[in-house]
Amino acid sequence: MVTSDQRRRQLAREKYERQQQRREEARRRTRRLALVITSAVAVVAVIGGATYLATSGDDDKDRTDAAASQSPSAEASPAPSPSPSATEEAKPEPAMKIDKKAEYTMSLKTSQGDIAFTMDASKTPHTTNSFKSLADKKFFDGTKCHRLTTDGIFVLQCGDPKGDGTGGPGYTIPDENLTALGKAGADGAVTYPAGTVAMANTGQAHTGGSQFFLVYKDSKLPPSYTPFGTMDEKSLKTVEAIGKAGVDGGGADGAPKKAVNISKLTVDKV
């Protein structure tokens, strides 16, 4: 028998998948327009990637869905990293420069306190290398964590240079370490334990960019988001406090009430 809690979580995941599909369609329309303007030809190069923006109509539908499911946090599951824009499609993934046998620490100095977690390069070399490359270029300095979800899925999402869910590094990286959390259950999900740090993506394979999410309470998600880090106890408590304060304006999915501004992000070899 399906419990009300299981049903609520299922509805939250289904709503998230619908949002992702609509956002992917919106991204494709935007890319087609950009290509027409820049090349004067109506040729579309569709590459997997979602903008996180939903139309006002989507938002209205989402609010209706949320009321019905009591879980407004559809995109609470890691909202994906957008793919490169039409002018950035050829940008390559950074050359591999890290030590694949080492561990690295990512440290974020934020307006709500320091957050740090370890990354095992042997399990997630592409992800670790990408963050190291971006951090060395100060890509994340001056950005903010733009999304918090507090129902069904419990994550704080960061890594968008635009701060609105539409930004990325201009390239994508492959998925890694997807079996680390075990085999999916009958509901198609696994538990991402509190303290896990994982990559956001578009819902399609190998579409991670710079956006990542911090899990502050056990969350059930499909095993398609690269788990690449684990927060220390102090950092987890910091994110828990942000989650406890809730979403700005109420609700369960949106900008955190306690603004999380990243003044500096570094990646260092342990």
# chains A, B, ... in the order shown; residues from 1 in each chain; ligands from 1

$ residues_around --residues "Leu148 in chain A" --least-positions-apart "4" --cutoff "10 Å" --atoms "only C-alpha atoms" --output "PyMOL selection string"
chain A and resi 73+75-78+153-158+213-214+242-243+246-248+252-258

$ residues_around --residues "Ala205 in chain A" --least-positions-apart "4" --cutoff "9 Å" --atoms "only C-alpha atoms" --output "list in words"
Gly48, Pro174, Asp175, Asn201 and Ser224 of chain A

$ write_last_selection --atoms "all heavy atoms" --output "mmCIF file, in the first residue's frame"
data_model
loop_
_atom_site.group_PDB
_atom_site.id
_atom_site.type_symbol
_atom_site.label_atom_id
_atom_site.label_comp_id
_atom_site.auth_asym_id
_atom_site.auth_seq_id
_atom_site.Cartn_x
_atom_site.Cartn_y
_atom_site.Cartn_z
ATOM 1 N N GLY A 48 21.253 18.657 -25.534
ATOM 2 C CA GLY A 48 20.582 18.540 -24.237
ATOM 3 C C GLY A 48 21.018 19.614 -23.265
ATOM 4 O O GLY A 48 22.170 19.826 -23.071
ATOM 5 N N PRO A 174 30.756 14.872 -18.282
ATOM 6 C CA PRO A 174 30.063 13.578 -18.212
ATOM 7 C C PRO A 174 29.602 13.233 -16.798
ATOM 8 O O PRO A 174 30.169 13.687 -15.808
ATOM 9 C CB PRO A 174 31.127 12.587 -18.707
ATOM 10 C CG PRO A 174 32.425 13.242 -18.378
ATOM 11 C CD PRO A 174 32.201 14.710 -18.590
ATOM 12 N N ASP A 175 28.557 12.425 -16.722
ATOM 13 C CA ASP A 175 28.097 11.902 -15.435
ATOM 14 C C ASP A 175 29.150 10.935 -14.889
ATOM 15 O O ASP A 175 29.841 10.256 -15.648
ATOM 16 C CB ASP A 175 26.774 11.157 -15.600
ATOM 17 C CG ASP A 175 25.655 12.044 -16.095
ATOM 18 O OD1 ASP A 175 25.684 13.260 -15.792
ATOM 19 O OD2 ASP A 175 24.757 11.538 -16.791
ATOM 20 N N ASN A 201 21.748 18.736 -13.356
ATOM 21 C CA ASN A 201 21.815 18.492 -14.798
ATOM 22 C C ASN A 201 20.455 18.740 -15.417
ATOM 23 O O ASN A 201 19.525 19.161 -14.735
ATOM 24 C CB ASN A 201 22.337 17.078 -15.099
ATOM 25 C CG ASN A 201 21.435 15.991 -14.545
ATOM 26 O OD1 ASN A 201 20.204 16.098 -14.588
ATOM 27 N ND2 ASN A 201 22.029 14.937 -14.014
ATOM 28 N N SER A 224 20.631 9.785 -11.144
ATOM 29 C CA SER A 224 21.180 10.361 -12.375
ATOM 30 C C SER A 224 21.921 11.675 -12.127
ATOM 31 O O SER A 224 22.274 12.370 -13.066
ATOM 32 C CB SER A 224 20.041 10.599 -13.383
ATOM 33 O OG SER A 224 18.999 11.365 -12.813
#

$ residues_around --residues "Lys109 in chain A" --least-positions-apart "6" --cutoff "9 Å" --atoms "only C-alpha atoms" --output "list in words"
Ile115, Ala116, Asn261, Ile262, Ser263, Lys264, Leu265 and Thr266 of chain A

$ closest_residue --among "A:Ser122, A:Thr179, A:Ser210, A:Ser133" --to "Gly165 in chain A" --atoms "only C-alpha atoms"
A:Ser210

$ residues_around --residues "Ser130 in chain A" --least-positions-apart "4" --cutoff "12 Å" --atoms "only C-alpha atoms" --output "number ranges by chain"
A: 92-98, 106, 119, 121, 124-126, 134-137, 139, 168-174, 199, 208-211, 228, 267

$ residues_around --residues "Leu178 in chain A" --least-positions-apart "6" --cutoff "8 Å" --atoms "only C-alpha atoms" --output "PyMOL selection string"
chain A and resi 223-227

$ write_last_selection --atoms "N, CA, C and O atoms" --output "PDB file, in the first residue's frame"
ATOM      1  N   PRO A 223      18.808   8.111  -9.620  1.00  0.00           N
ATOM      2  CA  PRO A 223      20.268   8.037  -9.522  1.00  0.00           C
ATOM      3  C   PRO A 223      20.949   8.564 -10.775  1.00  0.00           C
ATOM      4  O   PRO A 223      21.761   7.882 -11.406  1.00  0.00           O
ATOM      5  N   SER A 224      20.631   9.785 -11.144  1.00  0.00           N
ATOM      6  CA  SER A 224      21.180  10.361 -12.375  1.00  0.00           C
ATOM      7  C   SER A 224      21.921  11.675 -12.127  1.00  0.00           C
ATOM      8  O   SER A 224      22.274  12.370 -13.066  1.00  0.00           O
ATOM      9  N   TYR A 225      22.167  11.994 -10.868  1.00  0.00           N
ATOM     10  CA  TYR A 225      22.879  13.215 -10.507  1.00  0.00           C
ATOM     11  C   TYR A 225      24.202  12.833  -9.851  1.00  0.00           C
ATOM     12  O   TYR A 225      24.217  12.235  -8.768  1.00  0.00           O
ATOM     13  N   THR A 226      25.295  13.155 -10.490  1.00  0.00           N
ATOM     14  CA  THR A 226      26.621  12.768 -10.017  1.00  0.00           C
ATOM     15  C   THR A 226      26.860  13.172  -8.566  1.00  0.00           C
ATOM     16  O   THR A 226      26.954  14.357  -8.248  1.00  0.00           O
ATOM     17  N   PRO A 227      26.986  12.202  -7.651  1.00  0.00           N
ATOM     18  CA  PRO A 227      27.364  12.533  -6.273  1.00  0.00           C
ATOM     19  C   PRO A 227      28.884  12.651  -6.209  1.00  0.00           C
ATOM     20  O   PRO A 227      29.591  11.695  -6.509  1.00  0.00           O
TER      21      PRO A 227
END

$ select_by_dssp --residues "range 139-261 of chain A" --states "strand (DSSP E or B)" --output "NGL selection string"
:A and (143-145 or 147-149 or 151 or 153 or 155-158 or 160 or 173 or 190-192 or 196-199 or 208 or 212-215 or 219-221 or 227-231 or 247 or 253-254 or 256 or 260-261)

$ atom_distance --atom1 "CA of Thr105 in chain A" --atom2 "CA of Ala245 in chain A"
26.8 Å

$ closest_residue --among "A:Lys101, A:Lys237, A:His146, A:Lys138" --to "Lys162 in chain A" --atoms "only C-alpha atoms"
A:His146

$ atom_distance --atom1 "CA of Val270 in chain A" --atom2 "CA of Glu103 in chain A"
5.6 Å

$ atom_distance --atom1 "CA of Pro222 in chain A" --atom2 "CA of Ala259 in chain A"
28.1 Å
